[in-house]
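The block underneath contains the structure these notes are about, expressed in structure tokens.
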Amino acid sequence: MDALLLARMQFAANITFHILFPTITIALGWALLIFRLRWIKTKDAAWLVAYRFWTQIFALSFGLGVVSGITMSFQFGTNWPGFMERVGNIAGPLLGYEVLTAFFLEASFLGIMLFGHGRVSERVHLAATFLVAFGTTLSAFWILALNSWMQTPAGYEIINGEFHVRSWLQVIFNPSFPYRLTHMLIASGLTVSFLMAGISAWQMLRAKANRSTAPVFRGSVMAAALLIPIQIFVGDLHGLNTLEHQPQKIAAIEAIWKTERGAPLLLFAMPSAKDSNNRYALGIPGGASLILKHDSKAEVRGLNEFPNAHPPVAPLFWAFRIMVGTGMAMLAASWLGSWLLRKRAPQDLPRLLLYVFAAMTFAGWLATVAGWYVTEIGRQPYIVYGLLRTADVASTVPASHIAVTLVAYLLMYTFLLFAYVGVLRYLAGKPVSEEPPMVGPVGADGQTLEART
Amino acid sequence: MNPSTLNLAHMTFNEFLPVIFMSLMGFAMLVYVVLDGYDLGVGLLLPRASDDDKDTMISSIGPFWDANETWLVLGVGILLIAFPKAYGVVLTALYLPVAAMLCGLILRGVAFEFRVKARAHHKHLWNHAFFAGSLIASLAQGWMLGRYITGLAQGIEFDIFAALIALALPAAYVLLGSSWLIMKTEGDLQKLALRWARIAWPAVAVGMLLISLATPWVSATVRERWFSLPAFFALLPIPLSTLAALLGLAFCLRGERVLGRASHIPLMLSGYIMTMGFCGLAYSLYPFVVMDSITIWQAAAAPTSLKFILVGVAITVPMIAAYTVFAYRIFGGKATGLRYL
């Protein structure tokens, strides 16, 4: 295999592993803040248990996100040295702001949030929880600004092959950024909703429910039911934005090889790059034109208009369908669940539905990763859309080195994923303390000052 | 810009920008080496302690390790932001050790989280992983430091040098780690930490000496910079105070008096030694990002980009420093068992 393909596989492996964890921590941070606030307001121990239980999962996910994030910061250079040489003026500051404003914030206050037990007041602790949640979201803001700029570059000029900034506002708020950021934040919300609903369902099925299981299940199913239609709407806007700025990505998603009027919406097909055609195609006539142009007779540009400059078709075609299919399953499950929860307690739901939720624990991961594959593979063969090709910025490291490290990363990531899911399962079955926490500063003897007086 | 005109007073602001970022990168790397140094050191010492002590050791670094590692991201981040043309060169040359370090850091970070949450009989596995990760990461960092200060030069003598540094840096981490434990623990574990610190001391002293001798030997630029008059005398405080701190540390570690109220002194002295070693190195390197080959001006990003990020740096770095101090104060005193709130 050639070094370029190996470097891409390695980068894809790392970024795929990494995105799993921020997808959880972005929304989970806010969920923890809500749990904590509910507990302070109602003094209902269920919320305290929810906070404690999900804090463990947050810490675990956060740790995995930190270490795989460190990997990312090095791999831009080890795998794509030319990228920073050419685009460093733009990518550097955006990544820099991410580290300075977000990474430090979340990592520093996480310690207080997790272990501030008995050392800080409830108010300081709450502030720390807020800052962690805020930090994870701010982190997404900067990273998605850069990613979106690579998809729809704006506000730059090229001098002697190097990119220079003309307007930071245009660079950050580039045409696809608002859509991509919103889409990703809601994806995080959905991922966490289904994670919570799934683990709670599993706890109920295995008779391992704790005080918080039922309210968390109810809340997360409702949140999913609310978020999913918004996500479908935002996804549609995002798609139209892509059609405007990256037409070949849409052509690959819909496997439209030749520009045509009344393009069909393919439900199934085997796209074949060799003869630029689809085999076993099954589609709704005019469907793609209707969705993309809101007119079933409209013309949609095909891949033939972008010789040597369009992404591979099959991965996009399938990844897109996996994402949308998972979204539809989320819609069905969360709406049905919410409907039944109007009159019933979570424990009284049909067991089959609980099994469905348990099976969908990681549905958010599936949809998010599939969605990122669509957008990232869909940008190829460019690293900066239309301007800089991935092949031109690749590293000169020998293929054998990349292959060896790729195998090492893959083994480690596989092992860690199994360990992560295993520990989640183990934690889900373990009882959680319902004792109220110590608050306020403590002395050296471990007692709070209030307790001593 | 000609590297021989290094007089800061004659620079325009745009020429001065890379100097600011070089200092900042150095600062971030130094803070990283000291802060993550002590928690990597604790990881290296973990197999030497009993199971109860292991928990205490881990508790002592629990609230800090995430933030400590962030300084590495800032350091490499500034390399990427301010010196994009060196970033690719350095990381391509250090491809394999970077990958090894990353694997080590990943293993160690996740072991930290997993060991407290996993089933009891899996805990010792995660302890092993924590040690292995710390060892791989520190060896790889030492190797990279060795390769970097010789300007990424090729040759067997440079490999031997890098191998020696690869052993010296973990020794420095062990010294920092045991000094940290002297400060943060009590009783038998504290006495044990004192013994560990005594063992690490000679290795650190030899490592410092090696680096001080090797850099002028490798680079004529460095030789000239250090051994010309009057610079030689002006610079004398760096090696002399390092020597004094090393001797002071050896004196501290002799009896058990340091275990009382002065238990923070070894960490202060170890930190000072690392800082001085670092200043010496920085003086040798400046103005190169890659020794004798790429200067900071050749590697720098465009001034407009540097100014944009400088605004953020000026606002956020003091804030980061402030809340780092805040966190260390909250978790000050001897380490106690950690429990989620």
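Here, A, B, ... name the chains of the structure tokens in the order displayed, residue numbers run from 1 inside each chain, and ligands are numbered from 1 in the same displayed order.
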Using only C-alpha atoms, which residues of chain A come within 6 Å of chain B, and what is the closest atom pair for each, with the distance in Å to one decimal? Give it as a Markdown table, sorted by chain and residue number.
```
| residue | atom | partner | partner_atom | distance |
| --- | --- | --- | --- | --- |
| A:Leu60 | CA | B:Glu113 | CA | 5.5 |
| A:Val67 | CA | B:Ile106 | CA | 5.0 |
| A:Thr71 | CA | B:Leu102 | CA | 5.9 |
| A:Gly77 | CA | B:Gly88 | CA | 4.8 |
| A:Thr78 | CA | B:Leu91 | CA | 5.2 |
| A:Pro81 | CA | B:Gly88 | CA | 4.1 |
| A:Met84 | CA | B:Pro84 | CA | 5.2 |
| A:Glu85 | CA | B:Lys85 | CA | 4.9 |
| A:Gly88 | CA | B:Pro84 | CA | 5.5 |
| A:Asn89 | CA | B:Ser305 | CA | 5.5 |
| A:Gly92 | CA | B:Ile81 | CA | 3.9 |
| A:Pro93 | CA | B:Ile309 | CA | 5.5 |
| A:Ala107 | CA | B:Ala67 | CA | 4.7 |
| A:Ser108 | CA | B:Ala67 | CA | 5.0 |
| A:Gly111 | CA | B:Pro63 | CA | 4.1 |
| A:Leu114 | CA | B:Tyr340 | CA | 5.3 |
| A:Phe115 | CA | B:Tyr340 | CA | 5.4 |
| A:His117 | CA | B:Leu341 | CA | 4.8 |
| A:Val423 | CA | B:Ala118 | CA | 5.8 |
```
Export of the given selection (N, CA and C atoms) as a PDB file, in the first residue's frame:
```pdb
ATOM      1  N   LEU A  60     -14.332   9.330  32.524  1.00  0.00           N
ATOM      2  CA  LEU A  60     -13.728   8.304  31.669  1.00  0.00           C
ATOM      3  C   LEU A  60     -13.667   8.783  30.217  1.00  0.00           C
ATOM      4  N   VAL A  67      -6.463  12.222  25.802  1.00  0.00           N
ATOM      5  CA  VAL A  67      -5.279  11.542  25.263  1.00  0.00           C
ATOM      6  C   VAL A  67      -5.356  11.387  23.750  1.00  0.00           C
ATOM      7  N   THR A  71      -2.955  13.202  20.683  1.00  0.00           N
ATOM      8  CA  THR A  71      -2.509  12.503  19.470  1.00  0.00           C
ATOM      9  C   THR A  71      -2.807  13.328  18.224  1.00  0.00           C
ATOM     10  N   GLY A  77       1.063  17.205  12.137  1.00  0.00           N
ATOM     11  CA  GLY A  77       2.439  17.382  11.664  1.00  0.00           C
ATOM     12  C   GLY A  77       3.066  16.104  11.156  1.00  0.00           C
ATOM     13  N   THR A  78       2.821  14.973  11.850  1.00  0.00           N
ATOM     14  CA  THR A  78       3.485  13.752  11.393  1.00  0.00           C
ATOM     15  C   THR A  78       2.865  13.252  10.092  1.00  0.00           C
ATOM     16  N   PRO A  81       2.554  17.200   7.062  1.00  0.00           N
ATOM     17  CA  PRO A  81       3.440  18.343   7.333  1.00  0.00           C
ATOM     18  C   PRO A  81       3.208  19.503   6.371  1.00  0.00           C
ATOM     19  N   MET A  84       0.440  22.296   7.374  1.00  0.00           N
ATOM     20  CA  MET A  84       0.778  23.416   8.241  1.00  0.00           C
ATOM     21  C   MET A  84       1.707  24.398   7.530  1.00  0.00           C
ATOM     22  N   GLU A  85       2.594  23.869   6.668  1.00  0.00           N
ATOM     23  CA  GLU A  85       3.480  24.777   5.943  1.00  0.00           C
ATOM     24  C   GLU A  85       2.685  25.733   5.063  1.00  0.00           C
ATOM     25  N   GLY A  88      -0.731  27.010   7.617  1.00  0.00           N
ATOM     26  CA  GLY A  88      -0.452  27.303   9.028  1.00  0.00           C
ATOM     27  C   GLY A  88      -0.969  28.647   9.498  1.00  0.00           C
ATOM     28  N   ASN A  89      -0.929  29.654   8.628  1.00  0.00           N
ATOM     29  CA  ASN A  89      -1.384  30.987   9.031  1.00  0.00           C
ATOM     30  C   ASN A  89      -2.849  31.007   9.426  1.00  0.00           C
ATOM     31  N   GLY A  92      -3.277  27.361  12.271  1.00  0.00           N
ATOM     32  CA  GLY A  92      -2.558  27.500  13.533  1.00  0.00           C
ATOM     33  C   GLY A  92      -3.321  28.299  14.577  1.00  0.00           C
ATOM     34  N   PRO A  93      -3.690  29.558  14.258  1.00  0.00           N
ATOM     35  CA  PRO A  93      -4.400  30.344  15.271  1.00  0.00           C
ATOM     36  C   PRO A  93      -5.730  29.725  15.707  1.00  0.00           C
ATOM     37  N   ALA A 107      -9.832  21.143  31.163  1.00  0.00           N
ATOM     38  CA  ALA A 107      -8.939  20.228  31.867  1.00  0.00           C
ATOM     39  C   ALA A 107      -8.655  20.712  33.288  1.00  0.00           C
ATOM     40  N   SER A 108      -8.542  22.044  33.476  1.00  0.00           N
ATOM     41  CA  SER A 108      -8.212  22.554  34.804  1.00  0.00           C
ATOM     42  C   SER A 108      -9.390  22.450  35.758  1.00  0.00           C
ATOM     43  N   GLY A 111     -10.691  18.864  37.396  1.00  0.00           N
ATOM     44  CA  GLY A 111     -10.180  18.381  38.678  1.00  0.00           C
ATOM     45  C   GLY A 111     -11.070  18.835  39.828  1.00  0.00           C
ATOM     46  N   LEU A 114     -14.508  17.080  39.616  1.00  0.00           N
ATOM     47  CA  LEU A 114     -14.516  15.666  39.993  1.00  0.00           C
ATOM     48  C   LEU A 114     -14.175  15.463  41.459  1.00  0.00           C
ATOM     49  N   PHE A 115     -13.137  16.165  41.912  1.00  0.00           N
ATOM     50  CA  PHE A 115     -12.610  15.844  43.238  1.00  0.00           C
ATOM     51  C   PHE A 115     -12.719  16.998  44.215  1.00  0.00           C
ATOM     52  N   HIS A 117     -14.837  17.669  46.044  1.00  0.00           N
ATOM     53  CA  HIS A 117     -15.511  17.098  47.195  1.00  0.00           C
ATOM     54  C   HIS A 117     -14.949  17.596  48.530  1.00  0.00           C
ATOM     55  N   VAL A 423     -16.313  -1.282  30.944  1.00  0.00           N
ATOM     56  CA  VAL A 423     -16.398  -0.537  32.201  1.00  0.00           C
ATOM     57  C   VAL A 423     -17.761   0.152  32.333  1.00  0.00           C
TER      58      VAL A 423
END
```
Long-range neighbours of range 53-59 of chain A as an MDAnalysis selection string, 9 Å cut-off, only C-alpha atoms, 3 positions minimum in chain: (chainID A and resid 24:25 28:29 31:32 48:50 62:64 110 114 196 212 424 427:428 431:432) or (chainID B and resid 113 117 340:341)
Would you put the residues from that selection into a file with N, CA and C atoms, as a PDB file, in the first residue's frame?
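See selection08.pdb below for the written result:
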```pdb
ATOM      1  N   ILE A  24     -19.538  12.660  23.253  1.00  0.00           N
ATOM      2  CA  ILE A  24     -20.211  12.399  24.531  1.00  0.00           C
ATOM      3  C   ILE A  24     -20.025  13.561  25.496  1.00  0.00           C
ATOM      4  N   THR A  25     -18.795  14.053  25.648  1.00  0.00           N
ATOM      5  CA  THR A  25     -18.563  15.017  26.732  1.00  0.00           C
ATOM      6  C   THR A  25     -19.219  16.376  26.475  1.00  0.00           C
ATOM      7  N   LEU A  28     -22.801  15.800  27.572  1.00  0.00           N
ATOM      8  CA  LEU A  28     -22.880  15.243  28.929  1.00  0.00           C
ATOM      9  C   LEU A  28     -22.495  16.285  29.975  1.00  0.00           C
ATOM     10  N   GLY A  29     -21.562  17.169  29.622  1.00  0.00           N
ATOM     11  CA  GLY A  29     -21.185  18.237  30.547  1.00  0.00           C
ATOM     12  C   GLY A  29     -22.404  19.072  30.941  1.00  0.00           C
ATOM     13  N   ALA A  31     -25.537  18.099  30.660  1.00  0.00           N
ATOM     14  CA  ALA A  31     -26.481  17.247  31.384  1.00  0.00           C
ATOM     15  C   ALA A  31     -26.100  17.187  32.865  1.00  0.00           C
ATOM     16  N   LEU A  32     -24.795  17.101  33.139  1.00  0.00           N
ATOM     17  CA  LEU A  32     -24.357  17.054  34.537  1.00  0.00           C
ATOM     18  C   LEU A  32     -24.722  18.341  35.273  1.00  0.00           C
ATOM     19  N   LEU A  48     -28.899  13.561  42.610  1.00  0.00           N
ATOM     20  CA  LEU A  48     -27.534  13.434  43.107  1.00  0.00           C
ATOM     21  C   LEU A  48     -26.916  12.129  42.597  1.00  0.00           C
ATOM     22  N   VAL A  49     -27.734  11.058  42.647  1.00  0.00           N
ATOM     23  CA  VAL A  49     -27.259   9.766  42.150  1.00  0.00           C
ATOM     24  C   VAL A  49     -26.968   9.863  40.653  1.00  0.00           C
ATOM     25  N   ALA A  50     -27.876  10.532  39.931  1.00  0.00           N
ATOM     26  CA  ALA A  50     -27.655  10.709  38.492  1.00  0.00           C
ATOM     27  C   ALA A  50     -26.342  11.450  38.255  1.00  0.00           C
ATOM     28  N   PHE A  62     -13.864  11.821  29.137  1.00  0.00           N
ATOM     29  CA  PHE A  62     -13.016  13.000  29.024  1.00  0.00           C
ATOM     30  C   PHE A  62     -11.547  12.589  28.934  1.00  0.00           C
ATOM     31  N   GLY A  63     -11.151  11.641  29.786  1.00  0.00           N
ATOM     32  CA  GLY A  63      -9.764  11.166  29.763  1.00  0.00           C
ATOM     33  C   GLY A  63      -9.405  10.609  28.396  1.00  0.00           C
ATOM     34  N   LEU A  64     -10.293   9.798  27.843  1.00  0.00           N
ATOM     35  CA  LEU A  64     -10.031   9.243  26.511  1.00  0.00           C
ATOM     36  C   LEU A  64      -9.987  10.343  25.462  1.00  0.00           C
ATOM     37  N   LEU A 110     -11.919  20.491  35.488  1.00  0.00           N
ATOM     38  CA  LEU A 110     -12.387  19.119  35.665  1.00  0.00           C
ATOM     39  C   LEU A 110     -11.942  18.572  37.013  1.00  0.00           C
ATOM     40  N   LEU A 114     -14.508  17.080  39.616  1.00  0.00           N
ATOM     41  CA  LEU A 114     -14.516  15.666  39.993  1.00  0.00           C
ATOM     42  C   LEU A 114     -14.175  15.463  41.459  1.00  0.00           C
ATOM     43  N   MET A 196     -27.769   7.645  27.507  1.00  0.00           N
ATOM     44  CA  MET A 196     -28.451   7.620  28.801  1.00  0.00           C
ATOM     45  C   MET A 196     -29.669   6.703  28.759  1.00  0.00           C
ATOM     46  N   SER A 212     -31.959   6.949  40.187  1.00  0.00           N
ATOM     47  CA  SER A 212     -31.960   7.935  39.110  1.00  0.00           C
ATOM     48  C   SER A 212     -32.385   7.340  37.771  1.00  0.00           C
ATOM     49  N   LEU A 424     -18.294   0.648  31.222  1.00  0.00           N
ATOM     50  CA  LEU A 424     -19.627   1.247  31.252  1.00  0.00           C
ATOM     51  C   LEU A 424     -20.646   0.227  31.773  1.00  0.00           C
ATOM     52  N   LEU A 427     -20.049  -0.384  35.485  1.00  0.00           N
ATOM     53  CA  LEU A 427     -20.524   0.736  36.299  1.00  0.00           C
ATOM     54  C   LEU A 427     -22.048   0.752  36.367  1.00  0.00           C
ATOM     55  N   ALA A 428     -22.676   0.407  35.240  1.00  0.00           N
ATOM     56  CA  ALA A 428     -24.138   0.455  35.174  1.00  0.00           C
ATOM     57  C   ALA A 428     -24.756  -0.495  36.185  1.00  0.00           C
ATOM     58  N   PRO A 431     -24.053  -0.203  42.529  1.00  0.00           N
ATOM     59  CA  PRO A 431     -24.848   0.791  43.258  1.00  0.00           C
ATOM     60  C   PRO A 431     -24.089   2.110  43.411  1.00  0.00           C
ATOM     61  N   VAL A 432     -24.840   3.188  43.557  1.00  0.00           N
ATOM     62  CA  VAL A 432     -24.245   4.519  43.698  1.00  0.00           C
ATOM     63  C   VAL A 432     -24.627   5.079  45.061  1.00  0.00           C
TER      64      VAL A 432
ATOM     65  N   GLU B 113      -7.957   6.567  34.470  1.00  0.00           N
ATOM     66  CA  GLU B 113      -9.416   6.600  34.605  1.00  0.00           C
ATOM     67  C   GLU B 113      -9.993   5.213  34.857  1.00  0.00           C
ATOM     68  N   LYS B 117     -12.301   2.699  38.205  1.00  0.00           N
ATOM     69  CA  LYS B 117     -13.681   2.348  37.876  1.00  0.00           C
ATOM     70  C   LYS B 117     -13.846   0.870  37.555  1.00  0.00           C
ATOM     71  N   TYR B 340     -15.554  10.941  44.014  1.00  0.00           N
ATOM     72  CA  TYR B 340     -16.334  11.892  43.231  1.00  0.00           C
ATOM     73  C   TYR B 340     -17.383  12.528  44.082  1.00  0.00           C
ATOM     74  N   LEU B 341     -17.622  13.790  43.826  1.00  0.00           N
ATOM     75  CA  LEU B 341     -18.593  14.543  44.608  1.00  0.00           C
ATOM     76  C   LEU B 341     -19.991  14.025  44.351  1.00  0.00           C
TER      77      LEU B 341
END
```
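CA of Ser289 in chain A is positioned 7.5 Å from CA of Arg261 in chain A.
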Gap from CA of Pro97 in chain B to CA of Ala129 in chain B - Å, one decimal: 18.6 Å
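Relative to CA of Asp275 in chain A, CA of Phe11 in chain A is found at 29.6 Å.
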Shell around Tyr283 in chain B at 9 Å using only C-alpha atoms, local window under 5 positions removed, as a ChimeraX atom specification: /B:222,225-226,278
Long-range neighbours of range 368-381 of chain A as a PyMOL selection string, 9 Å cut-off, only C-alpha atoms, 3 positions minimum in chain: chain A and resi 12+16+19-20+23+150-151+184+187-188+191+246+248-250+252-253+308-313+315-324+363-365+384-386+388-391
For the selection you just gave me, I'd like the residues written to a file as a short mmCIF file (atom, residue, chain, number, x, y, z; two decimals), in the first residue's frame, keeping N, CA and C atoms.
```
data_model
loop_
_atom_site.label_atom_id
_atom_site.label_comp_id
_atom_site.auth_asym_id
_atom_site.auth_seq_id
_atom_site.Cartn_x
_atom_site.Cartn_y
_atom_site.Cartn_z
N ALA A 12 -7.47 8.76 9.78
CA ALA A 12 -8.90 8.45 9.92
C ALA A 12 -9.13 7.63 11.18
N THR A 16 -11.36 9.18 14.10
CA THR A 16 -12.59 8.44 14.38
C THR A 16 -12.65 8.08 15.86
N ILE A 19 -13.24 11.39 17.98
CA ILE A 19 -14.52 12.11 17.95
C ILE A 19 -15.58 11.40 18.80
N LEU A 20 -15.39 10.10 19.05
CA LEU A 20 -16.36 9.39 19.88
C LEU A 20 -16.52 10.06 21.24
N THR A 23 -17.92 13.80 21.40
CA THR A 23 -19.35 13.72 21.09
C THR A 23 -20.13 13.43 22.37
N MET A 150 -11.92 24.44 5.98
CA MET A 150 -11.29 23.52 5.02
C MET A 150 -12.31 23.04 3.98
N GLN A 151 -13.60 23.03 4.36
CA GLN A 151 -14.64 22.61 3.43
C GLN A 151 -15.07 23.77 2.53
N MET A 184 -23.38 19.34 14.59
CA MET A 184 -22.52 18.56 15.49
C MET A 184 -22.99 18.68 16.94
N ALA A 187 -25.92 16.61 17.32
CA ALA A 187 -25.51 15.21 17.27
C ALA A 187 -25.00 14.77 18.63
N SER A 188 -24.27 15.65 19.29
CA SER A 188 -23.78 15.31 20.63
C SER A 188 -24.95 15.13 21.59
N THR A 191 -26.51 11.82 20.84
CA THR A 191 -25.65 10.71 21.26
C THR A 191 -25.79 10.47 22.76
N GLN A 246 -20.24 22.65 -2.42
CA GLN A 246 -19.48 21.46 -2.78
C GLN A 246 -20.36 20.48 -3.56
N GLN A 248 -19.97 18.39 -5.89
CA GLN A 248 -19.56 17.00 -6.17
C GLN A 248 -19.74 16.09 -4.97
N LYS A 249 -19.73 16.68 -3.76
CA LYS A 249 -19.98 15.87 -2.57
C LYS A 249 -21.41 15.33 -2.62
N ILE A 250 -22.35 16.21 -2.97
CA ILE A 250 -23.75 15.79 -3.06
C ILE A 250 -23.92 14.77 -4.19
N ALA A 252 -21.82 12.63 -5.18
CA ALA A 252 -21.31 11.34 -4.73
C ALA A 252 -22.26 10.70 -3.73
N ILE A 253 -22.82 11.53 -2.82
CA ILE A 253 -23.76 11.00 -1.83
C ILE A 253 -24.94 10.33 -2.53
N ASN A 308 -11.49 14.01 -12.12
CA ASN A 308 -10.32 14.00 -11.23
C ASN A 308 -10.46 14.88 -10.01
N ALA A 309 -11.65 15.33 -9.72
CA ALA A 309 -11.80 16.22 -8.58
C ALA A 309 -13.04 15.87 -7.78
N HIS A 310 -13.43 14.60 -7.83
CA HIS A 310 -14.58 14.22 -7.00
C HIS A 310 -14.20 13.08 -6.07
N PRO A 311 -14.90 12.98 -4.93
CA PRO A 311 -14.57 11.94 -3.94
C PRO A 311 -15.01 10.56 -4.41
N PRO A 312 -14.52 9.50 -3.77
CA PRO A 312 -15.00 8.16 -4.08
C PRO A 312 -16.49 8.05 -3.76
N VAL A 313 -17.24 7.34 -4.58
CA VAL A 313 -18.70 7.37 -4.46
C VAL A 313 -19.22 6.41 -3.40
N PRO A 315 -18.18 4.90 -0.55
CA PRO A 315 -18.16 5.20 0.90
C PRO A 315 -19.13 6.32 1.27
N LEU A 316 -19.24 7.33 0.41
CA LEU A 316 -20.15 8.43 0.72
C LEU A 316 -21.60 7.98 0.64
N PHE A 317 -21.88 7.25 -0.43
CA PHE A 317 -23.24 6.76 -0.65
C PHE A 317 -23.70 5.97 0.58
N TRP A 318 -22.84 5.06 1.04
CA TRP A 318 -23.25 4.19 2.16
C TRP A 318 -23.23 4.91 3.49
N ALA A 319 -22.18 5.68 3.74
CA ALA A 319 -22.09 6.37 5.03
C ALA A 319 -23.28 7.29 5.21
N PHE A 320 -23.68 7.97 4.13
CA PHE A 320 -24.81 8.88 4.22
C PHE A 320 -26.09 8.11 4.58
N ARG A 321 -26.26 6.96 3.93
CA ARG A 321 -27.47 6.18 4.21
C ARG A 321 -27.48 5.60 5.62
N ILE A 322 -26.29 5.25 6.12
CA ILE A 322 -26.22 4.77 7.51
C ILE A 322 -26.60 5.90 8.47
N MET A 323 -26.09 7.10 8.20
CA MET A 323 -26.41 8.23 9.07
C MET A 323 -27.91 8.52 9.06
N VAL A 324 -28.47 8.64 7.86
CA VAL A 324 -29.90 8.97 7.77
C VAL A 324 -30.75 7.84 8.35
N ALA A 363 -26.09 4.32 19.25
CA ALA A 363 -26.60 4.75 17.95
C ALA A 363 -26.04 6.12 17.57
N GLY A 364 -25.85 6.98 18.57
CA GLY A 364 -25.33 8.31 18.29
C GLY A 364 -23.92 8.25 17.72
N TRP A 365 -23.11 7.35 18.25
CA TRP A 365 -21.76 7.18 17.71
C TRP A 365 -21.81 6.79 16.24
N VAL A 384 -7.90 21.21 1.51
CA VAL A 384 -8.65 22.46 1.55
C VAL A 384 -9.43 22.49 0.24
N TYR A 385 -10.74 22.46 0.36
CA TYR A 385 -11.59 22.21 -0.79
C TYR A 385 -11.27 23.12 -1.98
N GLY A 386 -11.00 22.47 -3.12
CA GLY A 386 -10.78 23.19 -4.37
C GLY A 386 -9.43 23.86 -4.49
N LEU A 388 -6.23 22.90 -2.31
CA LEU A 388 -5.02 22.18 -1.92
C LEU A 388 -5.35 20.69 -1.84
N ARG A 389 -4.57 19.88 -2.58
CA ARG A 389 -4.86 18.46 -2.60
C ARG A 389 -4.16 17.73 -1.45
N THR A 390 -4.85 16.74 -0.90
CA THR A 390 -4.30 15.96 0.21
C THR A 390 -2.95 15.36 -0.16
N ALA A 391 -2.85 14.84 -1.39
CA ALA A 391 -1.61 14.18 -1.81
C ALA A 391 -0.42 15.14 -1.77
#
```
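Candidate residues A:Ile256, A:Ile143, A:Ala223, A:Leu100 were compared for distance to Ala28 in chain B, and the nearest is A:Leu100, using only C-alpha atoms.
Proximity to Thr101 in chain A at 8 Å, evaluated using only C-alpha atoms and with sequence-adjacent residues fewer than 6 positions away removed, yields Gly135, Leu138 and Ser139 of chain A; Thr316 of chain B.
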Residue neighbourhood Arg425 in chain A, 9 Å, only C-alpha atoms, exclusion window fewer than 4 positions, as a list in words: Ile199, Trp202, Tyr420, Val421 and Gly429 of chain A
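Minimum atom-to-atom distance to Val132 in chain A, evaluated using only C-alpha atoms, belongs to A:Phe103 out of A:Tyr426, A:Phe103, A:Trp149, A:Phe17.
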Pick from A:Ala201, A:Leu410, A:Ala46, A:Leu353 nearest to Ala333 in chain A, counting only C-alpha atoms: A:Leu353
Range 297-338 of chain B: residues DSSP assigns to helix (DSSP H, G or I), reported as a count of residues only: 31
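When DSSP reads the backbone of this structure, the residues of range 149-328 of chain B it assigns to strand (DSSP E or B) are Phe288, Val289, Val290, Ile294 and Thr295 of chain B.
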